[in-house]
file coords34.pdb (PDB, C-alpha atoms and all ligand atoms)
MODEL        1
ATOM      1  CA  MET A  63     229.993 -29.234  11.401
ATOM      2  CA  LYS A  64     229.363 -25.931  13.265
ATOM      3  CA  ARG A  65     225.713 -26.104  12.187
ATOM      4  CA  ILE A  66     225.355 -29.638  13.552
ATOM      5  CA  ILE A  67     226.866 -28.590  16.919
ATOM      6  CA  LEU A  68     224.512 -25.593  17.049
ATOM      7  CA  LEU A  69     221.525 -27.816  16.291
ATOM      8  CA  LEU A  70     222.576 -30.297  19.001
ATOM      9  CA  LEU A  71     222.942 -27.422  21.511
ATOM     10  CA  ILE A  72     219.438 -26.116  20.652
ATOM     11  CA  LEU A  73     218.010 -29.629  21.002
ATOM     12  CA  ALA A  74     219.758 -30.115  24.377
ATOM     13  CA  CYS A  75     218.346 -26.761  25.578
ATOM     14  CA  PHE A  76     214.858 -27.781  24.431
ATOM     15  CA  ILE A  77     215.045 -31.155  26.160
ATOM     16  CA  SER A  78     216.373 -29.715  29.458
ATOM     17  CA  ASN A  79     213.630 -27.031  29.345
ATOM     18  CA  MET A  80     211.005 -29.766  28.989
ATOM     19  CA  ASP A  81     212.295 -31.240  32.271
ATOM     20  CA  ALA A  82     212.796 -27.919  34.145
ATOM     21  CA  GLN A  83     210.955 -27.621  37.464
ATOM     22  CA  ILE A  84     209.314 -24.579  39.057
ATOM     23  CA  GLU A  85     209.294 -23.201  42.616
ATOM     24  CA  GLU A  86     206.171 -21.000  42.441
ATOM     25  CA  PRO A  87     202.866 -21.540  40.581
ATOM     26  CA  VAL A  88     203.229 -20.547  36.941
ATOM     27  CA  MET A  89     200.333 -19.327  34.791
ATOM     28  CA  LEU A  90     199.689 -21.150  31.504
ATOM     29  CA  VAL A  91     197.176 -20.289  28.797
ATOM     30  CA  PRO A  92     196.757 -23.289  26.485
ATOM     31  CA  THR A  93     195.688 -22.743  22.892
ATOM     32  CA  GLY A  94     194.277 -26.213  22.219
ATOM     33  CA  ASN A  95     195.327 -29.847  22.406
ATOM     34  CA  PRO A  96     197.747 -30.966  23.722
ATOM     35  CA  LEU A  97     196.991 -28.745  26.683
ATOM     36  CA  PHE A  98     200.597 -28.103  27.688
ATOM     37  CA  THR A  99     203.598 -28.160  25.404
ATOM     38  CA  HIS A 100     206.382 -26.972  27.723
ATOM     39  CA  LYS A 101     206.689 -30.443  29.278
ATOM     40  CA  TYR A 102     205.316 -33.916  28.675
ATOM     41  CA  THR A 103     202.304 -34.899  30.781
ATOM     42  CA  ALA A 104     200.714 -38.355  30.943
ATOM     43  CA  ASP A 105     198.069 -40.442  32.702
ATOM     44  CA  PRO A 106     195.673 -37.636  33.656
ATOM     45  CA  ALA A 107     193.415 -37.743  36.694
ATOM     46  CA  ALA A 108     191.027 -34.966  37.638
ATOM     47  CA  LEU A 109     189.646 -33.743  40.951
ATOM     48  CA  ILE A 110     186.967 -31.084  41.282
ATOM     49  CA  TYR A 111     187.308 -29.290  44.606
ATOM     50  CA  ASN A 112     186.318 -25.832  45.767
ATOM     51  CA  ASN A 113     185.177 -24.682  42.283
ATOM     52  CA  THR A 114     188.560 -25.633  40.868
ATOM     53  CA  PHE A 115     189.594 -28.264  38.333
ATOM     54  CA  TYR A 116     192.755 -30.006  39.558
ATOM     55  CA  LEU A 117     194.599 -32.000  36.935
ATOM     56  CA  TYR A 118     197.169 -34.552  38.100
ATOM     57  CA  THR A 119     199.598 -36.167  35.674
ATOM     58  CA  GLY A 120     202.856 -38.050  35.490
ATOM     59  CA  GLN A 121     205.774 -36.301  33.810
ATOM     60  CA  ASP A 122     207.260 -38.252  30.925
ATOM     61  CA  THR A 123     210.975 -37.554  30.502
ATOM     62  CA  GLY A 124     213.894 -39.286  28.835
ATOM     63  CA  ASP A 125     214.752 -40.291  25.306
ATOM     64  CA  GLY A 126     211.323 -41.602  24.340
ATOM     65  CA  ARG A 127     212.414 -45.243  24.169
ATOM     66  CA  GLY A 128     210.757 -46.373  27.408
ATOM     67  CA  TYR A 129     208.922 -45.028  30.430
ATOM     68  CA  ASN A 130     211.012 -42.585  32.460
ATOM     69  CA  ILE A 131     208.597 -40.805  34.792
ATOM     70  CA  PRO A 132     210.284 -39.293  37.885
ATOM     71  CA  ASN A 133     207.502 -36.916  38.986
ATOM     72  CA  TRP A 134     203.806 -36.503  39.376
ATOM     73  CA  LEU A 135     202.553 -33.006  38.535
ATOM     74  CA  VAL A 136     199.536 -30.882  39.434
ATOM     75  CA  PHE A 137     197.821 -28.130  37.455
ATOM     76  CA  SER A 138     194.696 -26.167  38.396
ATOM     77  CA  SER A 139     192.108 -24.026  36.658
ATOM     78  CA  LYS A 140     188.932 -22.232  37.690
ATOM     79  CA  ASP A 141     187.727 -21.536  34.132
ATOM     80  CA  MET A 142     189.405 -24.197  31.917
ATOM     81  CA  ARG A 143     191.187 -21.386  30.041
ATOM     82  CA  THR A 144     193.832 -20.141  32.439
ATOM     83  CA  TRP A 145     195.818 -22.835  34.213
ATOM     84  CA  TYR A 146     198.402 -22.803  36.975
ATOM     85  CA  GLU A 147     201.187 -25.311  37.192
ATOM     86  CA  HIS A 148     202.192 -25.869  40.815
ATOM     87  CA  PRO A 149     205.617 -26.963  42.101
ATOM     88  CA  VAL A 150     206.207 -30.721  41.849
ATOM     89  CA  PRO A 151     203.999 -32.184  44.628
ATOM     90  CA  LEU A 152     205.173 -35.816  44.608
ATOM     91  CA  GLN A 153     207.960 -37.945  43.135
ATOM     92  CA  THR A 154     208.703 -41.657  42.952
ATOM     93  CA  GLY A 155     211.530 -40.974  45.433
ATOM     94  CA  ASP A 156     209.021 -39.835  48.092
ATOM     95  CA  PHE A 157     208.089 -43.507  48.542
ATOM     96  CA  LYS A 158     211.115 -45.082  50.242
ATOM     97  CA  TRP A 159     209.996 -48.553  49.152
ATOM     98  CA  ALA A 160     209.719 -47.554  45.451
ATOM     99  CA  LYS A 161     212.468 -47.556  42.872
ATOM    100  CA  GLY A 162     213.464 -45.905  39.623
ATOM    101  CA  HIS A 163     211.603 -43.209  37.790
ATOM    102  CA  SER A 164     208.274 -45.003  37.912
ATOM    103  CA  SER A 165     205.595 -42.397  38.619
ATOM    104  CA  TRP A 166     202.893 -44.282  36.734
ATOM    105  CA  ALA A 167     199.183 -43.533  36.655
ATOM    106  CA  SER A 168     197.472 -42.125  39.736
ATOM    107  CA  GLN A 169     194.412 -40.381  41.142
ATOM    108  CA  VAL A 170     193.749 -37.891  43.962
ATOM    109  CA  ILE A 171     190.542 -37.952  46.006
ATOM    110  CA  GLU A 172     189.402 -35.778  48.917
ATOM    111  CA  ARG A 173     187.963 -37.050  52.189
ATOM    112  CA  ASN A 174     187.277 -34.916  55.268
ATOM    113  CA  GLY A 175     189.500 -32.109  54.008
ATOM    114  CA  ARG A 176     192.507 -34.338  53.331
ATOM    115  CA  PHE A 177     193.739 -35.327  49.898
ATOM    116  CA  TYR A 178     194.760 -38.921  49.169
ATOM    117  CA  TRP A 179     196.917 -39.608  46.134
ATOM    118  CA  TYR A 180     196.852 -43.242  44.967
ATOM    119  CA  VAL A 181     199.778 -44.002  42.697
ATOM    120  CA  SER A 182     201.277 -46.887  40.759
ATOM    121  CA  THR A 183     205.016 -47.301  40.944
ATOM    122  CA  GLU A 184     207.758 -49.957  40.942
ATOM    123  CA  HIS A 185     208.383 -51.722  44.256
ATOM    124  CA  ASN A 186     212.022 -52.188  45.240
ATOM    125  CA  THR A 187     211.318 -55.887  45.846
ATOM    126  CA  GLY A 188     210.056 -56.220  42.256
ATOM    127  CA  GLY A 189     206.751 -55.764  40.510
ATOM    128  CA  LYS A 190     204.434 -52.817  40.304
ATOM    129  CA  ALA A 191     202.685 -51.691  43.468
ATOM    130  CA  ILE A 192     200.134 -49.140  44.612
ATOM    131  CA  GLY A 193     201.018 -46.521  47.199
ATOM    132  CA  VAL A 194     199.063 -43.709  48.810
ATOM    133  CA  ALA A 195     200.314 -40.239  49.684
ATOM    134  CA  VAL A 196     198.435 -37.631  51.704
ATOM    135  CA  SER A 197     198.310 -33.861  52.001
ATOM    136  CA  ASP A 198     196.143 -31.135  53.524
ATOM    137  CA  SER A 199     196.148 -29.312  50.192
ATOM    138  CA  PRO A 200     195.196 -30.495  46.682
ATOM    139  CA  THR A 201     198.443 -29.009  45.402
ATOM    140  CA  GLY A 202     200.587 -30.678  48.051
ATOM    141  CA  PRO A 203     203.264 -31.239  49.000
ATOM    142  CA  PHE A 204     202.247 -34.866  49.512
ATOM    143  CA  GLY A 205     204.010 -37.476  51.637
ATOM    144  CA  ASP A 206     203.775 -41.261  51.845
ATOM    145  CA  ALA A 207     200.749 -41.977  54.078
ATOM    146  CA  ARG A 208     201.824 -45.478  55.156
ATOM    147  CA  GLY A 209     205.554 -45.957  54.694
ATOM    148  CA  SER A 210     204.718 -49.123  52.779
ATOM    149  CA  ALA A 211     202.771 -50.068  49.660
ATOM    150  CA  LEU A 212     199.001 -50.486  49.895
ATOM    151  CA  VAL A 213     198.892 -53.209  47.219
ATOM    152  CA  THR A 214     201.845 -55.388  46.262
ATOM    153  CA  ASN A 215     202.256 -57.920  43.493
ATOM    154  CA  ASP A 216     202.043 -60.941  45.819
ATOM    155  CA  MET A 217     198.496 -59.910  46.856
ATOM    156  CA  THR A 218     197.042 -60.517  43.371
ATOM    157  CA  THR A 219     198.632 -63.684  42.008
ATOM    158  CA  SER A 220     195.479 -65.789  41.700
ATOM    159  CA  ARG A 221     194.179 -64.127  38.502
ATOM    160  CA  THR A 222     197.411 -63.356  36.632
ATOM    161  CA  ASN A 223     201.087 -63.913  37.272
ATOM    162  CA  ILE A 224     202.345 -60.802  35.465
ATOM    163  CA  SER A 225     204.296 -58.368  37.659
ATOM    164  CA  TRP A 226     202.618 -55.193  36.361
ATOM    165  CA  ASP A 227     198.967 -55.921  37.129
ATOM    166  CA  ASP A 228     198.859 -53.683  40.221
ATOM    167  CA  ILE A 229     198.762 -50.314  38.487
ATOM    168  CA  ASP A 230     196.387 -47.494  37.608
ATOM    169  CA  PRO A 231     194.447 -46.961  40.838
ATOM    170  CA  THR A 232     191.190 -45.036  40.803
ATOM    171  CA  ALA A 233     189.339 -44.242  44.013
ATOM    172  CA  TRP A 234     185.623 -43.737  44.506
ATOM    173  CA  ILE A 235     183.568 -42.747  47.558
ATOM    174  CA  ASP A 236     180.037 -44.059  47.201
ATOM    175  CA  ASP A 237     176.886 -42.262  48.352
ATOM    176  CA  ASP A 238     176.841 -44.252  51.618
ATOM    177  CA  GLY A 239     180.394 -43.080  52.423
ATOM    178  CA  GLN A 240     182.077 -46.406  51.594
ATOM    179  CA  ALA A 241     185.305 -45.827  49.674
ATOM    180  CA  TYR A 242     186.623 -48.199  47.002
ATOM    181  CA  LEU A 243     189.844 -48.619  45.095
ATOM    182  CA  PHE A 244     189.769 -50.026  41.559
ATOM    183  CA  TRP A 245     192.971 -50.832  39.672
ATOM    184  CA  GLY A 246     194.618 -53.303  37.377
ATOM    185  CA  ASN A 247     196.285 -54.391  34.195
ATOM    186  CA  THR A 248     194.886 -57.426  32.366
ATOM    187  CA  CYS A 249     192.593 -58.038  35.338
ATOM    188  CA  CYS A 250     190.375 -55.311  36.836
ATOM    189  CA  TYR A 251     190.531 -55.483  40.643
ATOM    190  CA  TYR A 252     188.639 -53.624  43.318
ATOM    191  CA  ALA A 253     188.477 -53.526  47.100
ATOM    192  CA  ARG A 254     186.889 -51.521  49.890
ATOM    193  CA  LEU A 255     189.020 -48.906  51.619
ATOM    194  CA  LYS A 256     188.813 -48.264  55.354
ATOM    195  CA  GLU A 257     187.564 -44.876  56.559
ATOM    196  CA  ASN A 258     191.235 -43.838  56.986
ATOM    197  CA  MET A 259     191.695 -44.279  53.191
ATOM    198  CA  THR A 260     195.101 -45.885  53.712
ATOM    199  CA  GLU A 261     194.153 -49.538  54.267
ATOM    200  CA  LEU A 262     192.189 -52.062  52.251
ATOM    201  CA  ASP A 263     189.118 -53.384  54.035
ATOM    202  CA  GLY A 264     188.427 -57.023  53.160
ATOM    203  CA  GLU A 265     189.084 -59.164  50.134
ATOM    204  CA  ILE A 266     190.303 -58.073  46.702
ATOM    205  CA  MET A 267     187.491 -58.639  44.197
ATOM    206  CA  THR A 268     187.482 -58.595  40.390
ATOM    207  CA  VAL A 269     185.279 -57.083  37.693
ATOM    208  CA  ASP A 270     184.748 -59.082  34.533
ATOM    209  CA  ILE A 271     184.646 -56.665  31.606
ATOM    210  CA  PRO A 272     185.578 -57.343  27.964
ATOM    211  CA  HIS A 273     188.981 -56.466  26.489
ATOM    212  CA  PHE A 274     190.241 -54.907  29.743
ATOM    213  CA  THR A 275     193.841 -53.716  29.542
ATOM    214  CA  GLU A 276     194.224 -51.065  32.290
ATOM    215  CA  ALA A 277     193.260 -47.572  33.466
ATOM    216  CA  PRO A 278     189.876 -48.078  35.158
ATOM    217  CA  TRP A 279     188.033 -44.854  36.040
ATOM    218  CA  ILE A 280     184.738 -44.683  37.954
ATOM    219  CA  HIS A 281     182.266 -41.831  37.670
ATOM    220  CA  LYS A 282     178.566 -41.438  38.351
ATOM    221  CA  ARG A 283     175.814 -39.436  36.626
ATOM    222  CA  GLY A 284     172.304 -39.627  38.022
ATOM    223  CA  ASP A 285     171.861 -43.187  39.224
ATOM    224  CA  TRP A 286     174.241 -44.702  36.640
ATOM    225  CA  TYR A 287     177.768 -45.794  37.537
ATOM    226  CA  TYR A 288     180.252 -45.737  34.669
ATOM    227  CA  LEU A 289     183.419 -47.827  34.552
ATOM    228  CA  SER A 290     185.614 -46.630  31.701
ATOM    229  CA  TYR A 291     188.929 -48.317  30.922
ATOM    230  CA  ALA A 292     191.668 -48.817  28.360
ATOM    231  CA  ALA A 293     190.984 -51.835  26.126
ATOM    232  CA  TRP A 294     193.211 -53.779  23.706
ATOM    233  CA  PHE A 295     196.702 -52.510  22.805
ATOM    234  CA  PRO A 296     197.254 -49.982  21.267
ATOM    235  CA  GLU A 297     194.481 -48.778  23.514
ATOM    236  CA  LYS A 298     190.985 -47.577  22.852
ATOM    237  CA  ILE A 299     188.808 -46.473  25.748
ATOM    238  CA  CYS A 300     185.718 -48.615  26.390
ATOM    239  CA  TYR A 301     183.120 -48.450  29.111
ATOM    240  CA  ALA A 302     180.432 -50.324  31.005
ATOM    241  CA  MET A 303     177.446 -49.095  33.027
ATOM    242  CA  SER A 304     175.756 -50.341  36.168
ATOM    243  CA  LYS A 305     173.201 -49.288  38.765
ATOM    244  CA  ASN A 306     175.464 -50.579  41.521
ATOM    245  CA  ILE A 307     179.165 -50.134  42.249
ATOM    246  CA  HIS A 308     179.405 -53.929  42.624
ATOM    247  CA  GLY A 309     177.817 -54.500  39.202
ATOM    248  CA  PRO A 310     176.631 -56.280  37.179
ATOM    249  CA  TRP A 311     178.394 -54.088  34.616
ATOM    250  CA  GLU A 312     176.892 -53.905  31.140
ATOM    251  CA  TYR A 313     179.483 -53.395  28.412
ATOM    252  CA  LYS A 314     178.674 -50.394  26.183
ATOM    253  CA  GLY A 315     181.536 -50.471  23.662
ATOM    254  CA  ILE A 316     184.137 -47.956  22.536
ATOM    255  CA  LEU A 317     184.172 -44.427  23.956
ATOM    256  CA  ASN A 318     187.419 -43.168  22.451
ATOM    257  CA  GLU A 319     189.556 -44.368  19.540
ATOM    258  CA  ILE A 320     193.353 -44.818  19.613
ATOM    259  CA  ALA A 321     194.896 -41.481  20.587
ATOM    260  CA  GLY A 322     197.269 -40.068  17.977
ATOM    261  CA  ASN A 323     200.849 -41.355  18.082
ATOM    262  CA  SER A 324     200.477 -43.128  21.448
ATOM    263  CA  ASN A 325     199.902 -46.770  22.402
ATOM    264  CA  THR A 326     198.141 -45.661  25.559
ATOM    265  CA  ASN A 327     195.193 -43.326  25.977
ATOM    266  CA  HIS A 328     194.458 -43.169  29.754
ATOM    267  CA  GLN A 329     191.257 -41.250  30.478
ATOM    268  CA  ALA A 330     189.640 -39.346  33.317
ATOM    269  CA  ILE A 331     186.004 -38.228  33.204
ATOM    270  CA  VAL A 332     184.581 -35.408  35.350
ATOM    271  CA  GLU A 333     181.821 -32.814  35.422
ATOM    272  CA  PHE A 334     182.891 -29.246  36.116
ATOM    273  CA  LYS A 335     180.594 -26.234  36.202
ATOM    274  CA  GLY A 336     177.856 -28.016  34.222
ATOM    275  CA  LYS A 337     180.050 -29.489  31.458
ATOM    276  CA  TRP A 338     181.514 -32.964  31.181
ATOM    277  CA  TYR A 339     185.163 -33.381  30.264
ATOM    278  CA  PHE A 340     187.103 -36.297  28.804
ATOM    279  CA  VAL A 341     190.772 -35.984  29.745
ATOM    280  CA  TYR A 342     193.326 -38.273  28.048
ATOM    281  CA  HIS A 343     196.805 -38.266  26.583
ATOM    282  CA  ASN A 344     198.292 -38.622  23.125
ATOM    283  CA  GLY A 345     201.772 -38.416  21.614
ATOM    284  CA  ALA A 346     201.095 -35.369  19.498
ATOM    285  CA  ILE A 347     203.924 -32.978  20.351
ATOM    286  CA  PRO A 348     205.931 -32.767  17.107
ATOM    287  CA  THR A 349     209.371 -34.371  16.695
ATOM    288  CA  GLN A 350     209.756 -35.920  20.164
ATOM    289  CA  GLY A 351     206.193 -36.904  21.170
ATOM    290  CA  GLY A 352     205.144 -40.551  21.157
ATOM    291  CA  SER A 353     204.142 -43.482  23.351
ATOM    292  CA  TYR A 354     206.755 -42.590  25.987
ATOM    293  CA  LEU A 355     206.627 -38.782  25.692
ATOM    294  CA  ARG A 356     202.934 -38.114  26.014
ATOM    295  CA  SER A 357     200.761 -35.036  26.408
ATOM    296  CA  VAL A 358     197.428 -34.472  28.116
ATOM    297  CA  CYS A 359     194.441 -33.330  26.066
ATOM    298  CA  ILE A 360     190.897 -32.382  27.079
ATOM    299  CA  ASP A 361     187.746 -32.632  24.992
ATOM    300  CA  TYR A 362     184.058 -32.353  25.823
ATOM    301  CA  LEU A 363     182.014 -35.455  26.630
ATOM    302  CA  TYR A 364     178.308 -35.725  25.834
ATOM    303  CA  TYR A 365     175.596 -38.196  26.851
ATOM    304  CA  ASN A 366     172.695 -39.725  24.961
ATOM    305  CA  LYS A 367     169.188 -39.540  26.407
ATOM    306  CA  ASP A 368     169.428 -43.127  27.687
ATOM    307  CA  GLY A 369     172.545 -42.291  29.721
ATOM    308  CA  THR A 370     175.071 -43.900  27.372
ATOM    309  CA  MET A 371     178.038 -41.731  26.374
ATOM    310  CA  LYS A 372     178.544 -40.402  22.852
ATOM    311  CA  ARG A 373     181.796 -41.412  21.155
ATOM    312  CA  ILE A 374     184.505 -38.820  21.971
ATOM    313  CA  GLN A 375     185.563 -36.499  19.203
ATOM    314  CA  MET A 376     189.272 -35.819  19.770
ATOM    315  CA  THR A 377     190.048 -32.298  18.553
ATOM    316  CA  SER A 378     193.095 -30.091  18.128
ATOM    317  CA  GLU A 379     191.277 -26.984  19.385
ATOM    318  CA  GLY A 380     190.216 -28.844  22.561
ATOM    319  CA  ILE A 381     188.135 -26.850  24.997
ATOM    320  CA  THR A 382     189.614 -23.481  24.085
ATOM    321  CA  ALA A 383     186.860 -22.962  21.489
ATOM    322  CA  ASP A 384     183.475 -21.883  22.837
ATOM    323  CA  LYS A 385     180.743 -24.491  22.508
TER     324      LYS A 385
HETATM  325  O1  LIG B 401     202.424 -44.245  32.320
HETATM  326  C1  LIG B 401     202.655 -45.610  32.518
HETATM  327  C2  LIG B 401     201.437 -46.439  32.156
HETATM  328  O2  LIG B 401     201.054 -46.195  30.803
HETATM  329  C3  LIG B 401     200.172 -46.137  32.923
HETATM  330  O3  LIG B 401     200.188 -46.606  34.244
HETATM  331  C4  LIG B 401     199.156 -46.740  32.030
HETATM  332  O4  LIG B 401     197.840 -46.345  32.304
HETATM  333  C5  LIG B 401     199.641 -46.292  30.668
HETATM  334  O5  LIG B 401     199.129 -45.034  30.331
ENDMDL
END
call {"tool": "encode", "arguments": {"input": "coords34.pdb", "output": "structure tokens"}}
result
Amino acid sequence: MKRIILLLLILACFISNMDAQIEEPVMLVPTGNPLFTHKYTADPAALIYNNTFYLYTGQDTGDGRGYNIPNWLVFSSKDMRTWYEHPVPLQTGDFKWAKGHSSWASQVIERNGRFYWYVSTEHNTGGKAIGVAVSDSPTGPFGDARGSALVTNDMTTSRTNISWDDIDPTAWIDDDGQAYLFWGNTCCYYARLKENMTELDGEIMTVDIPHFTEAPWIHKRGDWYYLSYAAWFPEKICYAMSKNIHGPWEYKGILNEIAGNSNTNHQAIVEFKGKWYFVYHNGAIPTQGGSYLRSVCIDYLYYNKDGTMKRIQMTSEGITADK
């Protein structure tokens, strides 16, 4: 009996440590994938700014039986070896119109020295919604930029009547300065953003791509646009290519297989200091890890001569090994 109580106490300590928050930046030196093991991190997004790789994630907490994501987190690195975790920059509770612990997938983008954080979360009137927070620093703190959601469920009822289709925003500023927001579950939506980055500009459009589940991510290399996204369920990551942000998009197949021990995979793709990185999550932390207690991983991404992307090789050593 004493042994069982001791074990339960150790487990409780471990779980509360996984949820502990910090007040100053803390240095972390990962040894492979998953990148961080002191807390669960999910739905990665990356921003390259000022020679620094900023990694934004949600923080999975709870008993692993459903999503319980109270916070968004931010980590930074200048060399992809040493990382800093910064104090919690944004929480579901910072959006007065949001409810629960629903800090779902998000992305931060910079415009004119300000940082805009597009998030998916649960609206207190029901259904998932997209909000935008703003800060003068990539590490925050961030605050609600509008005081209301940017996209609500009632704005996208013509293509699907599910209540969770307005999730997983990804923002893109095109070469002519026009900003766009892509998002969706089941249906991939996109719309122009006004110069102020906090209002949609015009109609909500759709992209027809095969097997689309969620998690769109736009990146560009040379004159090719890439739209990667989670497909099927459990998810693999697929992608399409185009010469124009408005398409037509040509489907190119699977980029990443199902990530270990997780139904979702959620990728971000960026170039940093001459190398391309594929950032995603899996459920690989032993004992507790799984589809609702996920962990961010990073592996290298390579291109073929014709611009298509090589299939990702998910590794346990990640980017800590020299290549
Ligand atoms: O974290 C909640 C949801 O799971 C995200 O919004 C999706 O992309 C999936 O990863």
call {"tool": "residues_around", "arguments": {"input": "coords34.pdb", "residues": "Gln375 in chain A", "least_positions_apart": "4", "cutoff": "10 Å", "atoms": "only C-alpha atoms", "output": "list in words"}}
result
Leu317, Asn318, Glu319, Phe340, Asp361, Tyr362, Leu363, Tyr364 and Gly380 of chain A
call {"tool": "resolve_selection", "arguments": {"input": "coords34.pdb", "expression": "the PyMOL selection byres (((chain A and resi 192) around 7) and not hetatm)", "output": "VMD selection string"}}
result
chain A and resid 180 to 183 191 193 to 194 211 to 214 228 to 229
call {"tool": "atom_distance", "arguments": {"input": "coords34.pdb", "atom1": "CA of Gly128 in chain A", "atom2": "CA of Leu355 in chain A"}}
result
8.8 Å
call {"tool": "residues_near_ligand", "arguments": {"input": "coords34.pdb", "ligand": "ligand LIG 401 (chain B)", "cutoff": "8 Å", "atoms": "only C-alpha atoms and all ligand atoms", "output": "MDAnalysis selection string"}}
result
chainID A and resid 104:105 120 122 129 131 164:168 182 229:230 276:277 292 326:328 354
call {"tool": "closest_residue", "arguments": {"input": "coords34.pdb", "among": "A:Trp286, A:Trp311, A:Trp134, A:Phe204", "to": "Gln83 in chain A", "atoms": "all atoms listed in the file"}}
result
A:Trp134
call {"tool": "atom_distance", "arguments": {"input": "coords34.pdb", "atom1": "CA of Ala302 in chain A", "atom2": "CA of Ile280 in chain A"}}
result
9.9 Å
call {"tool": "residues_around", "arguments": {"input": "coords34.pdb", "residues": "Phe98 in chain A", "least_positions_apart": "2", "cutoff": "12 Å", "atoms": "all atoms listed in the file", "output": "count of residues only"}}
result
33
call {"tool": "atom_distance", "arguments": {"input": "coords34.pdb", "atom1": "CA of Arg176 in chain A", "atom2": "CA of Ser197 in chain A"}}
result
6.0 Å
call {"tool": "residues_around", "arguments": {"input": "coords34.pdb", "residues": "Tyr287 in chain A", "least_positions_apart": "4", "cutoff": "7 Å", "atoms": "all atoms listed in the file", "output": "list in words"}}
result
His281, Lys282, Arg283, Met303, Ser304, Lys305, Asn306 and Ile307 of chain A
call {"tool": "closest_residue", "arguments": {"input": "coords34.pdb", "among": "A:Gly369, A:Gly336, A:Gly246, A:Pro272", "to": "Tyr288 in chain A", "atoms": "only C-alpha atoms"}}
result
A:Gly369
call {"tool": "closest_residue", "arguments": {"input": "coords34.pdb", "among": "A:Asp270, A:Asp216, A:Glu184, A:Glu172", "to": "Ala233 in chain A", "atoms": "all atoms listed in the file"}}
result
A:Glu172
call {"tool": "resolve_selection", "arguments": {"input": "coords34.pdb", "expression": "the PyMOL selection byres (((chain A and resi 189) around 6) and not hetatm)", "output": "MDAnalysis selection string"}}
result
chainID A and resid 184:185 188 190 215 225:226
call {"tool": "axis_aligned_box", "arguments": {"input": "coords34.pdb", "around": "range 135-152 of chain A", "padding_each_side": "6 Å", "output": "lines of an AutoDock Vina configuration file"}}
result
center_x = 197.0
center_y = -28.0
center_z = 37.3
size_x = 30.5
size_y = 27.7
size_z = 26.6
call {"tool": "residues_around", "arguments": {"input": "coords34.pdb", "residues": "Ser290 in chain A", "least_positions_apart": "4", "cutoff": "7 Å", "atoms": "all atoms listed in the file", "output": "PDB file with C-alpha atoms, in the frame of the given file"}}
result
ATOM      1  CA  PRO A 278     189.876 -48.078  35.158  1.00  0.00           C
ATOM      2  CA  TRP A 279     188.033 -44.854  36.040  1.00  0.00           C
ATOM      3  CA  ILE A 280     184.738 -44.683  37.954  1.00  0.00           C
ATOM      4  CA  ILE A 299     188.808 -46.473  25.748  1.00  0.00           C
ATOM      5  CA  CYS A 300     185.718 -48.615  26.390  1.00  0.00           C
ATOM      6  CA  TYR A 301     183.120 -48.450  29.111  1.00  0.00           C
ATOM      7  CA  ALA A 302     180.432 -50.324  31.005  1.00  0.00           C
TER       8      ALA A 302
END
call {"tool": "closest_residue", "arguments": {"input": "coords34.pdb", "among": "A:Pro151, A:Gly322, A:Gly351, A:Gly284", "to": "Glu86 in chain A", "atoms": "only C-alpha atoms"}}
result
A:Pro151
call {"tool": "closest_residue", "arguments": {"input": "coords34.pdb", "among": "A:Phe115, A:Phe334, A:Phe157, A:Tyr313", "to": "Asp206 in chain A", "atoms": "only C-alpha atoms"}}
result
A:Phe157
call {"tool": "closest_residue", "arguments": {"input": "coords34.pdb", "among": "A:Ile84, A:Val341, A:Thr349, A:Ala241", "to": "Ile381 in chain A", "atoms": "only C-alpha atoms"}}
result
A:Val341
call {"tool": "residues_around", "arguments": {"input": "coords34.pdb", "residues": "range 250-263 of chain A", "least_positions_apart": "2", "cutoff": "8 Å", "atoms": "only C-alpha atoms", "output": "ChimeraX atom specification"}}
result
/A:178,194,207-208,212,240-248,265-271,274,276,278
